[in-house]
Each structure stands twice: as structure tokens, then as C-alpha cells.
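Below: target-v2.cif (mmCIF, C-alpha atoms)
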```cif
data_entry
#
loop_
_atom_site.group_PDB
_atom_site.id
_atom_site.type_symbol
_atom_site.label_atom_id
_atom_site.label_comp_id
_atom_site.auth_asym_id
_atom_site.auth_seq_id
_atom_site.Cartn_x
_atom_site.Cartn_y
_atom_site.Cartn_z
ATOM 1 C CA MET Y 1 -8.396 -55.895 -7.103
ATOM 2 C CA GLU Y 2 -7.030 -52.545 -5.875
ATOM 3 C CA SER Y 3 -4.863 -50.670 -8.354
ATOM 4 C CA LYS Y 4 -1.658 -49.098 -7.074
ATOM 5 C CA ALA Y 5 0.516 -46.368 -8.521
ATOM 6 C CA CYS Y 6 4.177 -47.067 -9.160
ATOM 7 C CA LEU Y 7 7.398 -45.365 -10.162
ATOM 8 C CA ARG Y 8 8.997 -46.871 -13.281
ATOM 9 C CA TYR Y 9 12.563 -46.246 -14.375
ATOM 10 C CA GLN Y 10 15.471 -47.707 -16.314
ATOM 11 C CA VAL Y 11 18.623 -47.589 -14.200
ATOM 12 C CA SER Y 12 21.154 -47.758 -17.026
ATOM 13 C CA SER Y 13 19.510 -44.887 -18.914
ATOM 14 C CA LEU Y 14 19.529 -42.811 -15.712
ATOM 15 C CA CYS Y 15 23.218 -43.526 -15.075
ATOM 16 C CA ARG Y 16 24.394 -42.992 -18.638
ATOM 17 C CA ASP Y 17 26.761 -40.084 -19.197
ATOM 18 C CA ASP Y 18 25.414 -37.586 -21.739
ATOM 19 C CA SER Y 19 28.578 -37.945 -23.810
ATOM 20 C CA GLU Y 20 28.409 -41.745 -23.811
ATOM 21 C CA ASP Y 21 27.859 -43.252 -27.227
ATOM 22 C CA LYS Y 22 24.703 -45.356 -27.554
ATOM 23 C CA ILE Y 23 26.302 -47.627 -30.158
ATOM 24 C CA THR Y 24 27.722 -50.791 -28.607
ATOM 25 C CA THR Y 25 29.786 -53.342 -30.569
ATOM 26 C CA GLY Y 26 28.526 -52.044 -33.916
ATOM 27 C CA LYS Y 27 24.837 -52.291 -32.997
ATOM 28 C CA ARG Y 28 22.534 -49.547 -31.806
ATOM 29 C CA LYS Y 29 21.534 -50.225 -28.211
ATOM 30 C CA HIS Y 30 17.776 -49.940 -27.839
ATOM 31 C CA GLU Y 31 16.387 -48.535 -24.611
ATOM 32 C CA ASP Y 32 13.571 -51.078 -24.967
ATOM 33 C CA ASP Y 33 16.144 -53.817 -24.262
ATOM 34 C CA GLU Y 34 17.004 -52.340 -20.850
ATOM 35 C CA PRO Y 35 15.195 -53.699 -17.778
ATOM 36 C CA VAL Y 36 12.485 -51.482 -16.295
ATOM 37 C CA PHE Y 37 12.284 -51.307 -12.508
ATOM 38 C CA GLU Y 38 9.185 -50.438 -10.516
ATOM 39 C CA GLN Y 39 8.589 -49.183 -7.000
ATOM 40 C CA ILE Y 40 5.002 -49.906 -6.048
ATOM 41 C CA GLU Y 41 2.929 -47.571 -3.900
ATOM 42 C CA ASN Y 42 2.913 -48.483 -0.194
ATOM 43 C CA THR Y 43 -0.753 -47.971 0.684
ATOM 44 C CA SER Y 44 -0.380 -49.455 4.170
ATOM 45 C CA ASP Y 45 2.189 -46.811 5.239
ATOM 46 C CA PRO Y 46 1.887 -43.629 3.123
ATOM 47 C CA ALA Y 47 4.611 -41.877 5.166
ATOM 48 C CA ARG Y 48 7.129 -44.429 3.847
ATOM 49 C CA CYS Y 49 5.703 -44.682 0.336
ATOM 50 C CA PRO Y 50 8.228 -43.921 -2.451
ATOM 51 C CA VAL Y 51 5.421 -42.847 -4.794
ATOM 52 C CA LYS Y 52 3.982 -40.360 -2.266
ATOM 53 C CA MET Y 53 7.472 -39.040 -1.445
ATOM 54 C CA PHE Y 54 8.164 -38.474 -5.140
ATOM 55 C CA GLU Y 55 4.800 -36.745 -5.600
ATOM 56 C CA CYS Y 56 5.606 -34.471 -2.630
ATOM 57 C CA TYR Y 57 9.062 -33.720 -4.081
ATOM 58 C CA LEU Y 58 7.510 -32.759 -7.423
ATOM 59 C CA SER Y 59 4.841 -30.627 -5.747
ATOM 60 C CA LYS Y 60 7.525 -28.651 -3.864
ATOM 61 C CA SER Y 61 9.742 -28.201 -6.954
ATOM 62 C CA PRO Y 62 9.425 -25.359 -9.470
ATOM 63 C CA GLN Y 63 6.660 -26.289 -11.925
ATOM 64 C CA ASN Y 64 8.747 -25.614 -15.030
ATOM 65 C CA LEU Y 65 11.150 -28.430 -14.007
ATOM 66 C CA ASN Y 66 8.595 -31.223 -13.503
ATOM 67 C CA GLN Y 67 8.890 -32.529 -17.069
ATOM 68 C CA ARG Y 68 12.664 -32.156 -17.471
ATOM 69 C CA MET Y 69 14.643 -35.376 -17.665
ATOM 70 C CA ASP Y 70 18.109 -33.828 -17.257
ATOM 71 C CA ILE Y 71 17.635 -32.453 -13.726
ATOM 72 C CA PHE Y 72 16.494 -34.455 -10.716
ATOM 73 C CA TYR Y 73 18.275 -33.535 -7.476
ATOM 74 C CA LEU Y 74 17.562 -29.860 -6.842
ATOM 75 C CA GLN Y 75 19.230 -27.487 -4.405
ATOM 76 C CA PRO Y 76 16.980 -26.660 -1.452
ATOM 77 C CA GLU Y 77 15.808 -23.091 -0.912
ATOM 78 C CA CYS Y 78 17.760 -21.330 1.846
ATOM 79 C CA SER Y 79 14.863 -20.574 4.174
ATOM 80 C CA VAL Y 80 11.516 -22.297 3.853
ATOM 81 C CA SER Y 81 8.821 -23.587 6.160
ATOM 82 C CA ALA Y 82 6.726 -26.711 5.819
ATOM 83 C CA GLU Y 83 3.885 -24.535 4.515
ATOM 84 C CA SER Y 84 5.994 -22.961 1.749
ATOM 85 C CA PRO Y 85 4.755 -23.821 -1.746
ATOM 86 C CA ILE Y 86 8.305 -24.315 -3.124
ATOM 87 C CA TRP Y 87 11.140 -25.988 -1.202
ATOM 88 C CA TYR Y 88 13.713 -26.283 -4.024
ATOM 89 C CA THR Y 89 15.468 -23.960 -6.442
ATOM 90 C CA ALA Y 90 15.646 -24.517 -10.204
ATOM 91 C CA THR Y 91 19.360 -25.353 -9.818
ATOM 92 C CA SER Y 92 20.501 -28.960 -9.732
ATOM 93 C CA LEU Y 93 22.915 -30.225 -7.097
ATOM 94 C CA ASP Y 94 26.434 -30.692 -8.409
ATOM 95 C CA ARG Y 95 28.036 -34.131 -8.496
ATOM 96 C CA ASN Y 96 30.451 -33.369 -5.629
ATOM 97 C CA THR Y 97 27.591 -32.385 -3.295
ATOM 98 C CA LEU Y 98 25.681 -35.560 -4.163
ATOM 99 C CA GLU Y 99 28.779 -37.707 -3.562
ATOM 100 C CA ASN Y 100 29.377 -36.061 -0.164
ATOM 101 C CA MET Y 101 25.745 -36.619 0.844
ATOM 102 C CA LEU Y 102 25.920 -40.273 -0.194
ATOM 103 C CA VAL Y 103 29.141 -40.799 1.784
ATOM 104 C CA ARG Y 104 27.451 -39.359 4.900
ATOM 105 C CA VAL Y 105 24.355 -41.521 4.441
ATOM 106 C CA LEU Y 106 26.460 -44.661 3.992
ATOM 107 C CA LEU Y 107 28.609 -43.762 7.005
ATOM 108 C CA VAL Y 108 25.544 -43.353 9.213
ATOM 109 C CA LYS Y 109 24.155 -46.644 7.880
ATOM 110 C CA ASP Y 110 27.448 -48.422 8.654
ATOM 111 C CA ILE Y 111 27.493 -47.000 12.195
ATOM 112 C CA TYR Y 112 23.846 -47.966 12.704
ATOM 113 C CA ASP Y 113 24.428 -51.492 11.353
ATOM 114 C CA LYS Y 114 27.530 -51.909 13.554
ATOM 115 C CA ASP Y 115 25.641 -50.749 16.663
ATOM 116 C CA ASN Y 116 22.784 -53.162 15.937
ATOM 117 C CA TYR Y 117 25.263 -56.006 15.354
ATOM 118 C CA GLU Y 118 26.941 -55.301 18.711
ATOM 119 C CA LEU Y 119 23.535 -55.151 20.429
ATOM 120 C CA ASP Y 120 22.619 -58.522 18.910
ATOM 121 C CA GLU Y 121 25.875 -60.012 20.247
ATOM 122 C CA ASP Y 122 25.164 -58.631 23.728
ATOM 123 C CA ILE Y 123 21.732 -60.264 23.754
ATOM 124 C CA ASP Y 124 23.096 -63.713 22.818
#
```
In C-alpha cells, how does this file's structure come out?
Amino acid sequence: MESKACLRYQVSSLCRDDSEDKITTGKRKHEDDEPVFEQIENTSDPARCPVKMFECYLSKSPQNLNQRMDIFYLQPECSVSAESPIWYTATSLDRNTLENMLVRVLLVKDIYDKDNYELDEDID
């Protein structure tokens, strides 16, 4: 059997606010009780593999940030080429920038889904 790499993460621990208290209803909440999610390596299409994309992201990030758990989304460098060894700064993106990016992505998805729905209706 072929072994595959995977990304493992706990969503609730990633979403938790730093100031949020870990004590819930008088009991300490154990991270072990939280579900662990996995994204398995896509060996049939490496260009769309979440594991390979994450490895590329880490390889293009400053080395001193690879082990930090408090920073994930980094600001891109102003001018880089595909051959540049580093594509990102050591500065994290602020929450407002991330929210704006997500809104744009969701808007494009909605437009794309609507266009495909209308195309499907035209075919019928």
C-alpha cells in the first residue's frame, strides 16, 4: 500500500481567539477532545494537491517563521519572480485584508456558480 502525506489540523484551536478562556462550564477543555481534520496528498494531480501547495508556501516563506503557530497568512513581497527564493515577508496579513480577500473569492464563486446554473438551464 502506498503511503501518502497529509495535513492535519484542529479547526476550533485554529479559530480560537488568543484571549478566549479555555475553561468551559467549570471544566478544562482538552485539545485532545477536539476533532482532527486531514487533507490527504493528491498524488494523481500534484498541481492541485493541498500538501504540495502548503510545502511550496513554506518553502517560499522566511525560514524563521516555519515553526511559528501564531502567524500563517503572510504579506507577499512587493516585487518577486517565480525564481525568487522568498515570496512572502515576515509580516502577517491583518484581519481586514483577509476578510476583504475572502469576500472577493466568495463573490467570484457566486458569479461563477450563477453563470454555470444559467448555462445548465439553457442546455435543458
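With all atoms listed in the file as the atoms that count, the minimum distance from Asn42 (chain Y) to the choices Y:Lys114, Y:Lys4, Y:Arg95, Y:Lys109 is reached by Y:Lys4.
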Nearest to Phe54 (chain Y), chosen from Y:Met101, Y:Cys6, Y:Val108, Y:Val80, with only C-alpha atoms counted in the distances: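 Looking at the shortest contact to Phe54 (chain Y), the residue is Y:Cys6.
Coordinates place CA of Arg48 (chain Y) at a distance of 22.1 Å from CA of Gln10 (chain Y).
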Which residue of Y:Met69, Y:Ile86, Y:Ile111, Y:Val36 approaches Tyr57 (chain Y) most closely, using all atoms listed in the file: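 Nearest candidate to Tyr57 (chain Y) out of Y:Met69, Y:Ile86, Y:Ile111, Y:Val36: Y:Ile86.
The gap separating CA of Ala47 (chain Y) from CA of Glu83 (chain Y) is 17.4 Å, in Å to one decimal.
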Residues returned when the PyMOL selection byres ((chain Y and resi 5) around 8) runs on this file, as a PyMOL selection string: chain Y and resi 3-4+6-7+40-41+51
Nearest candidate to Gln39 (chain Y) (options Y:Tyr112, Y:Tyr9, Y:Phe72, Y:Trp87; using only C-alpha atoms):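 Closest candidate: Y:Tyr9.
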Fill-in result for region 81-92 of chain Y, all heavy atoms as a CSV table (one decimal), keeping the file's coordinate frame:
```
chain,number,residue,atom,x,y,z
Y,81,SER,N,9.6,-22.9,5.1
Y,81,SER,CA,8.8,-23.6,6.2
Y,81,SER,C,8.0,-24.7,5.5
Y,81,SER,O,7.9,-24.8,4.3
Y,81,SER,CB,7.9,-22.6,6.8
Y,81,SER,OG,6.8,-22.2,5.9
Y,82,ALA,N,7.5,-25.6,6.3
Y,82,ALA,CA,6.7,-26.7,5.8
Y,82,ALA,C,5.5,-26.3,5.0
Y,82,ALA,O,5.1,-27.0,4.1
Y,82,ALA,CB,6.2,-27.6,7.0
Y,83,GLU,N,5.0,-25.0,5.2
Y,83,GLU,CA,3.9,-24.5,4.5
Y,83,GLU,C,4.3,-23.8,3.2
Y,83,GLU,O,3.4,-23.5,2.4
Y,83,GLU,CB,3.1,-23.5,5.4
Y,83,GLU,CG,2.5,-24.2,6.6
Y,83,GLU,CD,3.4,-24.4,7.7
Y,83,GLU,OE1,4.4,-23.6,7.9
Y,83,GLU,OE2,3.3,-25.3,8.5
Y,84,SER,N,5.6,-23.6,3.0
Y,84,SER,CA,6.0,-23.0,1.7
Y,84,SER,C,5.6,-23.8,0.5
Y,84,SER,O,5.7,-25.0,0.5
Y,84,SER,CB,7.5,-22.8,1.8
Y,84,SER,OG,7.9,-22.0,2.8
Y,85,PRO,N,5.2,-23.1,-0.6
Y,85,PRO,CA,4.8,-23.8,-1.7
Y,85,PRO,C,5.9,-24.4,-2.5
Y,85,PRO,O,5.8,-25.4,-3.2
Y,85,PRO,CB,4.1,-22.8,-2.6
Y,85,PRO,CG,4.6,-21.5,-2.1
Y,85,PRO,CD,4.9,-21.6,-0.7
Y,86,ILE,N,7.1,-23.8,-2.4
Y,86,ILE,CA,8.3,-24.3,-3.1
Y,86,ILE,C,9.4,-24.5,-2.1
Y,86,ILE,O,9.7,-23.6,-1.3
Y,86,ILE,CB,8.8,-23.3,-4.2
Y,86,ILE,CG1,7.6,-23.1,-5.2
Y,86,ILE,CG2,10.0,-23.8,-4.9
Y,86,ILE,CD1,7.3,-24.3,-6.1
Y,87,TRP,N,10.0,-25.7,-2.1
Y,87,TRP,CA,11.1,-26.0,-1.2
Y,87,TRP,C,12.5,-26.0,-1.9
Y,87,TRP,O,13.5,-26.0,-1.3
Y,87,TRP,CB,10.9,-27.3,-0.6
Y,87,TRP,CG,9.8,-27.4,0.4
Y,87,TRP,CD1,9.0,-26.4,0.9
Y,87,TRP,CD2,9.4,-28.6,1.1
Y,87,TRP,NE1,8.1,-26.9,1.8
Y,87,TRP,CE2,8.3,-28.2,1.9
Y,87,TRP,CE3,9.7,-29.9,1.0
Y,87,TRP,CZ2,7.6,-29.1,2.7
Y,87,TRP,CZ3,9.1,-30.8,1.8
Y,87,TRP,CH2,8.0,-30.5,2.7
Y,88,TYR,N,12.5,-26.1,-3.3
Y,88,TYR,CA,13.7,-26.3,-4.0
Y,88,TYR,C,13.9,-25.2,-5.1
Y,88,TYR,O,12.9,-24.6,-5.6
Y,88,TYR,CB,13.7,-27.6,-4.7
Y,88,TYR,CG,13.5,-28.8,-3.8
Y,88,TYR,CD1,12.3,-29.3,-3.5
Y,88,TYR,CD2,14.6,-29.3,-3.0
Y,88,TYR,CE1,12.1,-30.4,-2.6
Y,88,TYR,CE2,14.4,-30.3,-2.1
Y,88,TYR,CZ,13.2,-30.8,-1.9
Y,88,TYR,OH,13.0,-31.8,-1.0
Y,89,THR,N,15.1,-24.9,-5.4
Y,89,THR,CA,15.5,-24.0,-6.4
Y,89,THR,C,15.4,-24.7,-7.8
Y,89,THR,O,15.2,-25.9,-7.9
Y,89,THR,CB,16.9,-23.4,-6.3
Y,89,THR,OG1,17.8,-24.4,-6.5
Y,89,THR,CG2,17.1,-22.8,-4.9
Y,90,ALA,N,15.6,-23.9,-8.9
Y,90,ALA,CA,15.6,-24.5,-10.2
Y,90,ALA,C,17.1,-25.0,-10.6
Y,90,ALA,O,17.3,-25.4,-11.7
Y,90,ALA,CB,15.2,-23.5,-11.2
Y,91,THR,N,18.0,-25.0,-9.6
Y,91,THR,CA,19.4,-25.4,-9.8
Y,91,THR,C,19.6,-26.8,-9.3
Y,91,THR,O,19.2,-27.1,-8.2
Y,91,THR,CB,20.3,-24.4,-9.1
Y,91,THR,OG1,20.0,-23.1,-9.4
Y,91,THR,CG2,21.8,-24.7,-9.4
Y,92,SER,N,20.2,-27.6,-10.2
Y,92,SER,CA,20.5,-29.0,-9.7
Y,92,SER,C,21.7,-29.0,-8.8
Y,92,SER,O,22.6,-28.1,-8.8
Y,92,SER,CB,20.7,-29.9,-10.9
Y,92,SER,OG,21.9,-29.5,-11.6
```
